[in-house]
file structure13.cif (mmCIF, C-alpha atoms)
data_target
loop_
_atom_site.label_atom_id
_atom_site.label_comp_id
_atom_site.auth_asym_id
_atom_site.auth_seq_id
_atom_site.Cartn_x
_atom_site.Cartn_y
_atom_site.Cartn_z
CA MET A 1 3.86 3.33 1.21
CA ASN A 2 4.80 5.69 -1.63
CA GLU A 3 2.01 8.02 -0.54
CA TYR A 4 3.38 7.97 3.01
CA ASP A 5 6.93 8.56 1.73
CA SER A 6 5.78 11.41 -0.52
CA ASN A 7 4.12 13.15 2.43
CA ARG A 8 7.31 12.80 4.49
CA ILE A 9 9.40 14.24 1.65
CA TYR A 10 7.07 17.23 1.61
CA ASP A 11 7.38 17.62 5.39
CA LEU A 12 11.17 17.67 4.96
CA ALA A 13 11.12 20.17 2.08
CA LYS A 14 9.06 22.61 4.15
CA LYS A 15 12.06 22.89 6.47
CA ILE A 16 14.03 24.62 3.69
CA ASN A 17 11.14 26.86 2.65
CA TYR A 18 9.68 24.85 -0.21
CA GLU A 19 5.90 24.76 -0.51
CA GLN A 20 3.69 22.29 -2.31
CA THR A 21 2.14 23.77 -5.44
CA LYS A 22 -0.92 22.76 -7.41
CA ASN A 23 0.30 24.84 -10.36
CA PHE A 24 2.48 22.33 -12.18
CA ASN A 25 3.66 24.90 -14.72
CA GLU A 26 5.25 27.13 -12.09
CA ALA A 27 7.13 24.51 -10.05
CA ASP A 28 10.74 25.19 -9.04
CA CYS A 29 11.34 21.56 -8.14
CA TYR A 30 9.69 18.43 -9.52
CA VAL A 31 9.93 15.23 -7.44
CA LEU A 32 8.95 11.94 -9.05
CA ASN A 33 8.49 9.28 -6.35
CA THR A 34 8.59 5.89 -8.03
CA CYS A 35 7.60 2.27 -7.49
CA HIS A 36 9.40 -0.66 -9.15
CA ILE A 37 6.78 -3.35 -8.54
CA ARG A 38 4.82 -2.92 -11.75
CA GLU A 39 5.86 -3.36 -15.36
CA LYS A 40 7.69 -0.65 -17.30
CA ALA A 41 8.26 1.53 -14.22
CA THR A 42 11.45 2.99 -15.71
CA ASP A 43 9.68 3.86 -18.97
CA LYS A 44 7.11 5.81 -16.97
CA VAL A 45 9.92 7.85 -15.39
CA TYR A 46 11.22 8.87 -18.82
CA HIS A 47 7.67 9.60 -19.98
CA ASP A 48 6.95 11.87 -17.02
CA ILE A 49 10.25 13.70 -17.42
CA GLY A 50 9.39 14.17 -21.09
CA ARG A 51 6.21 15.97 -19.98
CA VAL A 52 8.25 18.23 -17.69
CA LYS A 53 10.67 19.02 -20.51
CA LYS A 54 7.81 19.99 -22.78
CA ILE A 55 6.16 22.25 -20.20
CA PHE A 56 9.42 24.01 -19.32
CA LYS A 57 10.82 24.14 -22.86
CA ASN A 58 10.82 27.95 -22.92
CA LYS A 59 11.16 28.49 -19.17
CA LYS A 60 13.83 28.12 -16.53
CA LYS A 61 14.47 24.40 -15.96
CA PRO A 62 13.09 23.13 -12.62
CA ILE A 63 15.14 20.91 -10.36
CA VAL A 64 14.18 17.31 -11.14
CA ILE A 65 14.66 14.62 -8.48
CA VAL A 66 13.70 10.97 -8.94
CA THR A 67 13.09 9.17 -5.66
CA GLY A 68 11.87 5.72 -4.65
CA CYS A 69 12.55 2.18 -5.77
CA VAL A 70 13.26 2.88 -9.45
CA ALA A 71 15.88 5.39 -8.31
CA GLN A 72 17.37 2.74 -6.03
CA ALA A 73 17.39 -0.01 -8.64
CA GLU A 74 18.42 1.97 -11.71
CA GLY A 75 19.70 5.32 -10.43
CA GLU A 76 23.00 5.36 -12.27
CA ILE A 77 21.35 4.33 -15.54
CA LEU A 78 18.74 7.08 -15.13
CA LEU A 79 21.45 9.70 -14.60
CA GLN A 80 23.41 8.49 -17.63
CA ASN A 81 20.40 8.29 -19.95
CA GLU A 82 18.59 11.46 -18.88
CA LYS A 83 20.74 14.52 -18.18
CA TYR A 84 17.57 16.46 -17.28
CA ILE A 85 17.54 14.54 -13.96
CA ASP A 86 19.47 16.41 -11.26
CA ALA A 87 19.44 13.73 -8.56
CA VAL A 88 18.27 10.23 -7.69
CA LEU A 89 17.39 9.37 -4.11
CA GLY A 90 16.68 5.84 -2.88
CA PRO A 91 13.87 5.09 -0.39
CA GLN A 92 16.35 4.62 2.48
CA SER A 93 17.94 8.02 1.87
CA TYR A 94 14.93 10.33 2.23
CA HIS A 95 16.40 11.83 5.39
CA ILE A 96 19.02 13.59 3.24
CA PHE A 97 16.47 14.94 0.77
CA ASN A 98 17.02 18.54 1.88
CA LYS A 99 20.79 18.17 1.78
CA THR A 100 20.51 16.75 -1.73
CA LEU A 101 18.14 19.49 -2.90
CA LEU A 102 20.37 22.27 -1.52
CA LYS A 103 23.40 20.66 -3.17
CA VAL A 104 21.62 20.62 -6.54
CA GLU A 105 20.69 24.29 -6.11
CA LYS A 106 24.36 25.21 -5.86
CA SER A 107 25.85 22.84 -8.43
CA ASN A 108 25.31 21.55 -11.95
CA ASP A 109 26.56 18.07 -11.01
CA GLN A 110 24.13 15.16 -10.86
CA VAL A 111 23.73 13.55 -7.42
CA ASN A 112 23.27 9.84 -6.70
CA SER A 113 22.08 9.11 -3.14
CA THR A 114 21.10 5.45 -2.99
CA GLU A 115 22.74 4.20 0.19
CA PHE A 116 20.87 1.90 2.57
CA ASN A 117 20.51 3.98 5.75
CA VAL A 118 17.11 2.88 7.04
CA VAL A 119 17.94 3.32 10.75
CA GLU A 120 19.43 6.75 10.13
CA LYS A 121 16.43 7.66 7.98
CA PHE A 122 13.80 7.01 10.64
CA ASP A 123 15.99 8.53 13.37
CA GLU A 124 15.93 11.75 11.34
CA LEU A 125 12.25 11.57 10.34
CA ASN A 126 11.17 11.10 13.96
CA PHE A 127 12.07 14.75 14.52
CA ILE A 128 10.08 15.96 11.51
CA TYR A 129 6.43 16.73 12.24
CA ASN A 130 4.05 14.59 10.17
CA SER A 131 1.58 17.12 8.76
CA ASN A 132 -0.78 14.61 7.15
CA ASN A 133 -4.35 15.46 8.19
CA LYS A 134 -6.44 12.88 6.36
CA VAL A 135 -9.23 11.03 8.15
CA SER A 136 -7.62 7.78 7.01
CA SER A 137 -3.82 7.95 7.20
CA PHE A 138 -0.90 5.65 6.43
CA LEU A 139 1.94 4.95 8.86
CA THR A 140 5.05 2.96 7.94
CA ILE A 141 6.11 0.62 10.74
CA GLN A 142 8.36 -1.81 8.85
CA GLU A 143 10.43 -1.77 5.70
CA GLY A 144 12.29 -4.30 3.62
CA CYS A 145 11.92 -8.04 3.23
CA ASP A 146 14.09 -11.10 3.89
CA LYS A 147 11.90 -13.59 2.01
CA PHE A 148 13.50 -13.20 -1.46
CA CYS A 149 10.56 -14.38 -3.55
CA LYS A 150 12.11 -14.91 -6.96
CA PHE A 151 9.83 -12.45 -8.76
CA CYS A 152 10.16 -9.60 -6.26
CA VAL A 153 12.49 -6.61 -6.38
CA VAL A 154 11.79 -5.35 -2.82
CA PRO A 155 14.81 -6.94 -1.07
CA TYR A 156 17.05 -5.22 -3.60
CA THR A 157 15.40 -1.78 -3.43
CA ARG A 158 14.27 -1.57 0.22
CA GLY A 159 16.83 -3.85 1.84
CA GLU A 160 16.48 -6.29 4.72
CA GLU A 161 13.61 -6.23 7.20
CA TYR A 162 13.71 -3.35 9.65
CA SER A 163 11.11 -2.52 12.32
CA ARG A 164 10.64 0.85 13.98
CA SER A 165 10.23 1.03 17.77
CA ILE A 166 6.76 0.84 19.30
CA ASN A 167 7.41 4.15 21.04
CA GLU A 168 8.19 6.12 17.88
CA ILE A 169 5.29 4.52 15.99
CA SER A 170 2.91 5.29 18.85
CA ASN A 171 4.09 8.92 18.97
CA GLU A 172 3.62 9.37 15.24
CA CYS A 173 0.22 7.71 15.45
CA LYS A 174 -0.81 10.17 18.18
CA THR A 175 0.31 13.04 15.95
CA LEU A 176 -1.80 11.77 13.07
CA VAL A 177 -4.82 11.33 15.34
CA SER A 178 -4.37 14.85 16.71
CA ASN A 179 -4.33 16.01 13.06
CA GLY A 180 -7.74 14.41 12.54
CA ALA A 181 -7.05 10.78 11.65
CA LYS A 182 -9.71 8.33 12.77
CA GLU A 183 -8.20 5.36 10.96
CA ILE A 184 -4.54 4.31 10.68
CA THR A 185 -3.24 1.76 8.19
CA LEU A 186 0.06 0.29 9.36
CA LEU A 187 2.40 -0.27 6.43
CA GLY A 188 5.25 -2.61 5.65
CA GLN A 189 6.58 -4.50 2.68
CA ASN A 190 6.16 -7.46 5.02
CA VAL A 191 4.14 -5.84 7.78
CA ASN A 192 3.42 -8.92 9.89
CA ALA A 193 7.16 -9.61 10.09
CA TYR A 194 7.25 -6.58 12.41
CA ASN A 195 9.51 -7.39 15.35
CA TYR A 196 11.07 -4.80 17.61
CA ASN A 197 13.01 -6.26 20.54
CA GLY A 198 10.73 -9.28 20.53
CA HIS A 199 7.51 -7.25 20.29
CA LYS A 200 5.40 -8.33 17.32
CA LEU A 201 2.66 -6.68 15.27
CA SER A 202 0.04 -7.98 17.70
CA THR A 203 1.64 -6.04 20.57
CA LEU A 204 1.87 -2.88 18.47
CA ILE A 205 -1.81 -3.07 17.45
CA ASN A 206 -2.92 -3.50 21.04
CA GLU A 207 -0.72 -0.58 22.10
CA ILE A 208 -1.99 1.96 19.58
CA SER A 209 -5.56 0.79 20.26
CA LYS A 210 -5.24 2.66 23.55
CA ILE A 211 -5.25 5.99 21.68
CA LYS A 212 -8.70 7.32 22.52
CA ASP A 213 -9.75 9.03 19.29
CA LEU A 214 -8.32 6.34 17.00
CA LYS A 215 -11.35 4.39 15.82
CA ARG A 216 -9.99 1.94 13.25
CA ILE A 217 -6.75 0.07 12.58
CA ARG A 218 -5.68 -1.77 9.43
CA TYR A 219 -2.37 -3.22 8.23
CA THR A 220 -0.88 -4.27 4.91
CA THR A 221 0.82 -6.22 3.33
CA SER A 222 1.22 -9.58 5.08
CA HIS A 223 3.15 -12.72 4.26
CA PRO A 224 1.57 -16.09 5.15
CA VAL A 225 4.81 -17.32 6.76
CA ASP A 226 4.61 -14.57 9.39
CA PHE A 227 0.92 -14.95 10.23
CA THR A 228 1.36 -16.25 13.76
CA GLU A 229 -1.20 -17.31 16.36
CA ASP A 230 -0.85 -14.12 18.42
CA LEU A 231 -1.87 -12.00 15.41
CA ILE A 232 -4.85 -14.27 14.75
CA GLN A 233 -5.96 -13.77 18.36
CA VAL A 234 -5.81 -9.97 18.00
CA HIS A 235 -8.45 -10.31 15.29
CA LYS A 236 -10.59 -12.13 17.84
CA HIS A 237 -10.30 -9.64 20.70
CA ASN A 238 -9.42 -6.19 19.33
CA GLU A 239 -12.55 -4.29 18.26
CA LYS A 240 -10.60 -1.48 16.58
CA LEU A 241 -8.84 -3.88 14.20
CA MET A 242 -10.80 -4.08 10.95
CA PRO A 243 -11.83 -7.53 9.64
CA LEU A 244 -10.40 -7.28 6.12
CA ILE A 245 -7.06 -9.04 5.72
CA HIS A 246 -4.92 -8.63 2.63
CA LEU A 247 -2.97 -11.87 2.45
CA PRO A 248 -1.17 -12.44 -0.88
CA ILE A 249 -1.01 -16.03 -2.05
CA GLN A 250 0.26 -15.37 -5.64
CA SER A 251 -0.67 -18.84 -6.96
CA GLY A 252 -2.90 -21.77 -6.13
CA SER A 253 -0.29 -24.30 -7.24
CA ASN A 254 2.19 -25.76 -4.76
CA LYS A 255 4.60 -26.35 -7.63
CA ILE A 256 4.53 -22.67 -8.63
CA LEU A 257 4.71 -21.48 -5.01
CA LYS A 258 7.88 -23.52 -4.58
CA ALA A 259 9.29 -22.13 -7.82
CA MET A 260 8.52 -18.61 -6.53
CA ASN A 261 10.30 -19.38 -3.24
CA ARG A 262 7.18 -18.34 -1.33
CA LYS A 263 8.04 -20.61 1.65
CA HIS A 264 4.40 -21.65 2.20
CA ASN A 265 2.06 -24.11 0.52
CA ILE A 266 -1.68 -24.22 -0.08
CA LYS A 267 -2.39 -26.19 3.11
CA ASP A 268 -0.46 -23.64 5.19
CA TYR A 269 -2.42 -20.81 3.60
CA LEU A 270 -5.84 -22.41 4.07
CA ASP A 271 -5.00 -23.26 7.69
CA ILE A 272 -4.44 -19.54 8.35
CA ILE A 273 -7.69 -18.64 6.59
CA ASN A 274 -9.67 -21.16 8.62
CA LYS A 275 -8.10 -20.10 11.93
CA LEU A 276 -8.94 -16.47 11.23
CA LYS A 277 -12.53 -17.33 10.31
CA LYS A 278 -12.85 -19.32 13.52
CA ALA A 279 -11.41 -16.43 15.56
CA ASN A 280 -13.64 -13.83 13.91
CA SER A 281 -16.55 -14.83 11.70
CA SER A 282 -16.73 -11.37 10.08
CA VAL A 283 -13.21 -11.61 8.63
CA ARG A 284 -12.95 -11.39 4.84
CA PHE A 285 -9.91 -11.64 2.58
CA SER A 286 -8.24 -9.99 -0.39
CA SER A 287 -5.14 -11.23 -2.18
CA ASP A 288 -2.55 -10.81 -4.94
CA PHE A 289 -2.14 -13.23 -7.84
CA ILE A 290 0.53 -13.57 -10.51
CA ILE A 291 -0.85 -15.26 -13.61
CA GLY A 292 1.46 -16.93 -16.10
CA TYR A 293 4.49 -17.28 -13.83
CA PRO A 294 7.31 -19.15 -15.62
CA GLY A 295 6.50 -22.85 -15.68
CA GLU A 296 2.76 -22.41 -15.07
CA THR A 297 0.80 -25.17 -16.82
CA GLU A 298 -2.93 -25.44 -17.43
CA LYS A 299 -3.13 -27.67 -14.34
CA ASP A 300 -1.37 -25.04 -12.22
CA PHE A 301 -3.74 -22.36 -13.49
CA LYS A 302 -6.82 -24.48 -12.68
CA GLU A 303 -5.47 -24.96 -9.15
CA THR A 304 -5.25 -21.17 -8.86
CA LEU A 305 -8.88 -20.87 -9.96
CA SER A 306 -9.76 -23.50 -7.37
CA ILE A 307 -8.25 -21.52 -4.46
CA LEU A 308 -9.94 -18.36 -5.76
CA LYS A 309 -13.34 -20.07 -5.58
CA GLU A 310 -12.68 -21.80 -2.26
CA VAL A 311 -11.64 -18.71 -0.29
CA GLU A 312 -14.01 -16.34 -2.15
CA PHE A 313 -11.74 -13.30 -1.92
CA ILE A 314 -13.82 -10.12 -1.89
CA ASN A 315 -11.06 -8.35 -3.78
CA THR A 316 -8.08 -9.50 -5.84
CA TYR A 317 -5.16 -7.78 -7.52
CA SER A 318 -4.07 -9.90 -10.45
CA PHE A 319 -1.44 -9.34 -13.12
CA VAL A 320 0.34 -11.25 -15.83
CA PHE A 321 3.89 -12.04 -14.76
CA SER A 322 6.38 -9.40 -15.88
CA PRO A 323 10.07 -9.85 -15.05
CA ARG A 324 11.72 -7.31 -12.76
CA PRO A 325 15.35 -6.58 -13.68
CA GLY A 326 17.80 -8.10 -11.22
CA THR A 327 15.45 -10.75 -9.83
CA PRO A 328 16.04 -14.52 -10.33
CA ALA A 329 12.69 -14.91 -12.14
CA ALA A 330 13.83 -12.45 -14.81
CA LYS A 331 16.13 -15.17 -16.18
CA LEU A 332 13.40 -17.79 -16.53
CA LYS A 333 11.61 -18.75 -19.72
CA GLU A 334 8.27 -16.97 -19.78
CA VAL A 335 4.85 -18.43 -20.50
CA ASP A 336 3.52 -17.36 -23.90
CA ILE A 337 2.20 -13.84 -23.31
CA ASN A 338 -1.03 -14.39 -25.25
CA LEU A 339 -1.79 -17.54 -23.25
CA ALA A 340 -1.02 -15.70 -20.00
CA LYS A 341 -3.37 -12.85 -20.98
CA GLU A 342 -6.13 -15.35 -21.81
CA ARG A 343 -5.73 -16.91 -18.38
CA LEU A 344 -5.81 -13.50 -16.72
CA ILE A 345 -9.12 -12.69 -18.43
CA ILE A 346 -10.61 -15.98 -17.19
CA PHE A 347 -9.27 -15.39 -13.68
CA GLN A 348 -10.57 -11.82 -13.46
CA LYS A 349 -13.99 -12.81 -14.78
CA ILE A 350 -14.43 -15.37 -12.00
CA SER A 351 -12.95 -13.02 -9.42
CA ASN A 352 -15.37 -10.25 -10.41
CA GLU A 353 -18.32 -12.66 -10.26
CA ILE A 354 -17.37 -13.59 -6.68
CA LYS A 355 -16.93 -9.92 -5.79
CA MET A 356 -20.32 -8.95 -7.24
CA ARG A 357 -22.12 -11.79 -5.42
CA TYR A 358 -20.60 -10.55 -2.18
CA ARG A 359 -21.55 -6.92 -2.92
CA LYS A 360 -25.13 -7.75 -3.95
CA ASP A 361 -25.52 -9.61 -0.69
CA LEU A 362 -24.88 -6.28 1.06
CA PHE A 363 -27.85 -4.57 -0.62
CA ASN A 364 -30.48 -3.51 1.95
CA LYS A 365 -28.06 -4.29 4.79
CA THR A 366 -26.52 -1.80 7.22
CA ARG A 367 -22.80 -1.04 7.25
CA LYS A 368 -20.68 1.10 9.57
CA VAL A 369 -18.92 3.62 7.36
CA LEU A 370 -16.08 5.99 8.21
CA ILE A 371 -16.59 9.12 6.09
CA GLU A 372 -13.22 10.19 4.69
CA ASN A 373 -13.98 13.17 2.48
CA LYS A 374 -16.53 15.28 0.66
CA MET A 375 -16.75 14.62 -3.06
CA ASN A 376 -16.76 17.28 -5.77
CA THR A 377 -20.41 16.49 -6.47
CA LYS A 378 -22.75 18.51 -4.26
CA ASP A 379 -23.73 16.91 -0.93
CA LYS A 380 -21.95 13.60 -1.67
CA PHE A 381 -19.49 11.99 0.71
CA PHE A 382 -17.05 9.11 0.33
CA GLY A 383 -16.26 6.55 3.01
CA ARG A 384 -15.35 2.93 3.64
CA ASP A 385 -16.91 0.18 5.72
CA GLU A 386 -15.12 -2.39 7.87
CA HIS A 387 -14.21 -4.46 4.82
CA PHE A 388 -12.76 -1.45 2.97
CA ASN A 389 -15.66 -1.26 0.51
CA SER A 390 -15.96 2.17 -1.11
CA ILE A 391 -19.32 3.70 -0.21
CA VAL A 392 -20.91 6.95 -1.42
CA ILE A 393 -23.74 8.63 0.45
CA LYS A 394 -25.66 11.87 -0.04
CA ASN A 395 -26.15 14.18 2.93
CA LYS A 396 -26.41 17.92 3.54
CA ASN A 397 -24.42 17.85 6.80
CA ASP A 398 -20.62 17.60 6.93
CA LEU A 399 -19.98 14.02 7.98
CA ARG A 400 -16.19 13.90 7.55
CA GLY A 401 -14.47 11.96 10.32
CA LEU A 402 -17.68 10.38 11.59
CA ILE A 403 -18.59 6.71 11.65
CA ILE A 404 -22.17 6.38 10.47
CA LYS A 405 -24.61 3.58 9.90
CA VAL A 406 -25.48 3.34 6.23
CA LYS A 407 -28.11 1.24 4.51
CA ILE A 408 -26.70 -0.04 1.20
CA LEU A 409 -29.16 0.58 -1.63
CA THR A 410 -27.24 -0.43 -4.74
CA GLY A 411 -23.75 -0.67 -6.15
CA ASN A 412 -21.41 -1.76 -8.89
CA GLN A 413 -18.04 -3.49 -9.10
CA ASN A 414 -16.17 -0.55 -7.58
CA THR A 415 -18.61 1.42 -5.41
CA LEU A 416 -21.60 0.90 -3.14
CA PHE A 417 -24.27 3.58 -2.69
CA GLY A 418 -26.34 4.05 0.44
CA THR A 419 -28.32 6.30 2.72
CA VAL A 420 -27.56 7.43 6.28
CA ILE A 421 -29.38 5.55 9.04
CA GLU A 422 -27.57 6.86 12.10
CA LYS A 423 -24.61 9.10 12.93
CA GLU A 424 -21.94 8.45 15.54
CA LYS A 425 -23.47 9.18 18.92
CA SER A 426 -20.66 8.85 21.42
CA GLU A 427 -17.06 7.89 22.03
CA ASN A 428 -18.26 4.34 22.69
CA PHE A 429 -19.74 3.90 19.22
CA ALA A 430 -18.25 0.59 18.02
CA ALA A 431 -16.22 1.01 14.86
#
call {"tool": "encode", "arguments": {"input": "structure13.cif", "output": "structure tokens"}}
result
Amino acid sequence: MNEYDSNRIYDLAKKINYEQTKNFNEADCYVLNTCHIREKATDKVYHDIGRVKKIFKNKKKPIVIVTGCVAQAEGEILLQNEKYIDAVLGPQSYHIFNKTLLKVEKSNDQVNSTEFNVVEKFDELNFIYNSNNKVSSFLTIQEGCDKFCKFCVVPYTRGEEYSRSINEISNECKTLVSNGAKEITLLGQNVNAYNYNGHKLSTLINEISKIKDLKRIRYTTSHPVDFTEDLIQVHKHNEKLMPLIHLPIQSGSNKILKAMNRKHNIKDYLDIINKLKKANSSVRFSSDFIIGYPGETEKDFKETLSILKEVEFINTYSFVFSPRPGTPAAKLKEVDINLAKERLIIFQKISNEIKMRYRKDLFNKTRKVLIENKMNTKDKFFGRDEHFNSIVIKNKNDLRGLIIKVKILTGNQNTLFGTVIEKEKSENFAA
């Protein structure tokens, strides 16, 4: 979502004659778009600004604007602690980016724009042309979250759940496709909570599937509580919807899930998994895990390992618990950090073993790969298959934007390598 937001900020800035530069040393304005999910996000802001200070020590100071969730959560503190920052802009105030930038140009005063104006933001952005021209593009359809998991900062930095209209999403999707996108990933902090005038994510997916040159659709990130039967059925019937589902569980322990305020239990989660497998046998899963959440015992950790092995996630994103300022979990007594790190190592070892078994099983098999870009290495192209596996192939022809059949030859933990079997032949080529 930060990548999507950054692109939209750039589209806005072009309206007041700013251009994106690859020459960092000559920038007139430096925008740091931040995320508050990971540990020490604020420290990274100060570190990056320190780099800017060093580069411009003997030059005219550039305008420095901090945007995103760190700006929303700690904007006033940032302005007090770092006078080099000219403005902070929260994620629901991007529509006034140009107004803020022009104000900074004319004044030495610091600007704090962290109001929650999500409706106003998208109303404004709908009139700004989305210039993104990647083969695989992101599109925000929903923001905010009403779940209030005790470890999560999103409700405090992005606000309550808000869904854009199907019409405006469809129009932006058509723009991206006309720019060259073959795949669209629908984004939301709680994407399957999408609900516009009673129309759910399933309706939206079916609607944008009608766009002729759109070949693939993905969405992320989902919450188990909002994984309803209609969405499961879309995975059964919609051929453009890719069969990898990112469905965070966070822990395999019902006790810890309750402590997190996740509002689902292990049975609920496995019921969804089994229904999806029954609807579409090619569906695979990835997930997020927090290791060492306050109160986690050895028994709780073993239950997490158990769910990892049972579902056989083909990809996991796992981290030791780190408290986010302002969240209820930040006040809880933490698990010993060394013990938590030991558990994380065990978890990741098993997760990687599952992932490698899955990947080795793909060797000598054929995958349908959407080629996204040409790599710096001569004649090498990068793409992804239906399950979002990274695949590199070598070919003399420009294959960008094509869906090709690739025989997987070998691979490692991060990348598969293959050879082209067949290129896309017609509009009816199944993605």
call {"tool": "atom_distance", "arguments": {"input": "structure13.cif", "atom1": "CA of Ser163 (chain A)", "atom2": "CA of Lys200 (chain A)"}}
result
9.6 Å
call {"tool": "atom_distance", "arguments": {"input": "structure13.cif", "atom1": "CA of Asn126 (chain A)", "atom2": "CA of Ile208 (chain A)"}}
result
17.0 Å
call {"tool": "axis_aligned_box", "arguments": {"input": "structure13.cif", "around": "region 241-257 of chain A", "padding_each_side": "5 Å", "output": "AutoDock Vina command-line options"}}
result
--center_x -3.6 --center_y -15.1 --center_z 2.8 --size_x 26.5 --size_y 32.5 --size_z 32.8
call {"tool": "closest_residue", "arguments": {"input": "structure13.cif", "among": "A:Lys147, A:Arg400, A:Arg384, A:His95", "to": "Val225 (chain A)", "atoms": "only C-alpha atoms"}}
result
A:Lys147
call {"tool": "residues_around", "arguments": {"input": "structure13.cif", "residues": "Thr140 (chain A)", "least_positions_apart": "2", "cutoff": "8 Å", "atoms": "all atoms listed in the file", "output": "PyMOL selection string"}}
result
chain A and resi 1+4+138+142-143+186-188
call {"tool": "residues_near_point", "arguments": {"input": "structure13.cif", "point": "(18.9, 26.0, -10.7)", "cutoff": "9 Å", "atoms": "only C-alpha atoms", "output": "JSON, numbers by chain"}}
result
{"A": [28, 60, 61, 62, 63, 104, 105, 106, 107, 108]}
call {"tool": "write_last_selection", "arguments": {"input": "structure13.cif", "atoms": "C-alpha atoms", "output": "tab-separated table (two decimals), in the coordinates of the input"}}
result
chain	number	residue	atom	x	y	z
A	28	ASP	CA	10.74	25.19	-9.04
A	60	LYS	CA	13.83	28.12	-16.53
A	61	LYS	CA	14.47	24.40	-15.96
A	62	PRO	CA	13.09	23.13	-12.62
A	63	ILE	CA	15.14	20.91	-10.36
A	104	VAL	CA	21.62	20.62	-6.54
A	105	GLU	CA	20.69	24.29	-6.11
A	106	LYS	CA	24.36	25.21	-5.86
A	107	SER	CA	25.85	22.84	-8.43
A	108	ASN	CA	25.31	21.55	-11.95
call {"tool": "resolve_selection", "arguments": {"input": "structure13.cif", "expression": "the PyMOL selection byres ((chain A and resi 158) around 12)", "output": "short mmCIF file (atom, residue, chain, number, x, y, z; two decimals) with C-alpha atoms, keeping the file's coordinate frame"}}
result
data_model
loop_
_atom_site.label_atom_id
_atom_site.label_comp_id
_atom_site.auth_asym_id
_atom_site.auth_seq_id
_atom_site.Cartn_x
_atom_site.Cartn_y
_atom_site.Cartn_z
CA MET A 1 3.86 3.33 1.21
CA CYS A 35 7.60 2.27 -7.49
CA HIS A 36 9.40 -0.66 -9.15
CA ILE A 37 6.78 -3.35 -8.54
CA GLY A 68 11.87 5.72 -4.65
CA CYS A 69 12.55 2.18 -5.77
CA VAL A 70 13.26 2.88 -9.45
CA ALA A 71 15.88 5.39 -8.31
CA GLN A 72 17.37 2.74 -6.03
CA ALA A 73 17.39 -0.01 -8.64
CA GLY A 90 16.68 5.84 -2.88
CA PRO A 91 13.87 5.09 -0.39
CA GLN A 92 16.35 4.62 2.48
CA SER A 93 17.94 8.02 1.87
CA THR A 114 21.10 5.45 -2.99
CA GLU A 115 22.74 4.20 0.19
CA PHE A 116 20.87 1.90 2.57
CA ASN A 117 20.51 3.98 5.75
CA VAL A 118 17.11 2.88 7.04
CA GLN A 142 8.36 -1.81 8.85
CA GLU A 143 10.43 -1.77 5.70
CA GLY A 144 12.29 -4.30 3.62
CA CYS A 145 11.92 -8.04 3.23
CA ASP A 146 14.09 -11.10 3.89
CA PHE A 148 13.50 -13.20 -1.46
CA CYS A 152 10.16 -9.60 -6.26
CA VAL A 153 12.49 -6.61 -6.38
CA VAL A 154 11.79 -5.35 -2.82
CA PRO A 155 14.81 -6.94 -1.07
CA TYR A 156 17.05 -5.22 -3.60
CA THR A 157 15.40 -1.78 -3.43
CA GLY A 159 16.83 -3.85 1.84
CA GLU A 160 16.48 -6.29 4.72
CA GLU A 161 13.61 -6.23 7.20
CA TYR A 162 13.71 -3.35 9.65
CA GLY A 188 5.25 -2.61 5.65
CA GLN A 189 6.58 -4.50 2.68
CA ASN A 190 6.16 -7.46 5.02
#
call {"tool": "residues_around", "arguments": {"input": "structure13.cif", "residues": "Arg357 (chain A)", "least_positions_apart": "3", "cutoff": "10 Å", "atoms": "only C-alpha atoms", "output": "PyMOL selection string"}}
result
chain A and resi 312+314+352-354+360-362+413
call {"tool": "write_last_selection", "arguments": {"input": "structure13.cif", "atoms": "C-alpha atoms", "output": "compact mmCIF listing (two decimals), keeping the file's coordinate frame"}}
result
# COMPACT_ATOMS: atom_id res chain seq x y z
CA GLU A 312 -14.01 -16.34 -2.15
CA ILE A 314 -13.82 -10.12 -1.89
CA ASN A 352 -15.37 -10.25 -10.41
CA GLU A 353 -18.32 -12.66 -10.26
CA ILE A 354 -17.37 -13.59 -6.68
CA LYS A 360 -25.13 -7.75 -3.95
CA ASP A 361 -25.52 -9.61 -0.69
CA LEU A 362 -24.88 -6.28 1.06
CA GLN A 413 -18.04 -3.49 -9.10
call {"tool": "residues_near_point", "arguments": {"input": "structure13.cif", "point": "(3.6, 15.8, 7.9)", "cutoff": "8 Å", "atoms": "all atoms listed in the file", "output": "ChimeraX atom specification"}}
result
/A:7-8,10-11,128-133
call {"tool": "atom_distance", "arguments": {"input": "structure13.cif", "atom1": "CA of Leu125 (chain A)", "atom2": "CA of His223 (chain A)"}}
result
26.6 Å
call {"tool": "residues_around", "arguments": {"input": "structure13.cif", "residues": "region 285-297 of chain A", "least_positions_apart": "4", "cutoff": "6 Å", "atoms": "only C-alpha atoms", "output": "CSV table (one decimal) with C-alpha atoms, in the frame of the given file"}}
result
chain,number,residue,atom,x,y,z
A,244,LEU,CA,-10.4,-7.3,6.1
A,245,ILE,CA,-7.1,-9.0,5.7
A,246,HIS,CA,-4.9,-8.6,2.6
A,247,LEU,CA,-3.0,-11.9,2.4
A,248,PRO,CA,-1.2,-12.4,-0.9
A,250,GLN,CA,0.3,-15.4,-5.6
A,251,SER,CA,-0.7,-18.8,-7.0
A,313,PHE,CA,-11.7,-13.3,-1.9
A,314,ILE,CA,-13.8,-10.1,-1.9
A,315,ASN,CA,-11.1,-8.4,-3.8
A,316,THR,CA,-8.1,-9.5,-5.8
A,317,TYR,CA,-5.2,-7.8,-7.5
A,318,SER,CA,-4.1,-9.9,-10.4
A,319,PHE,CA,-1.4,-9.3,-13.1
A,320,VAL,CA,0.3,-11.2,-15.8
A,321,PHE,CA,3.9,-12.0,-14.8
A,333,LYS,CA,11.6,-18.8,-19.7
A,334,GLU,CA,8.3,-17.0,-19.8
A,335,VAL,CA,4.8,-18.4,-20.5
A,340,ALA,CA,-1.0,-15.7,-20.0
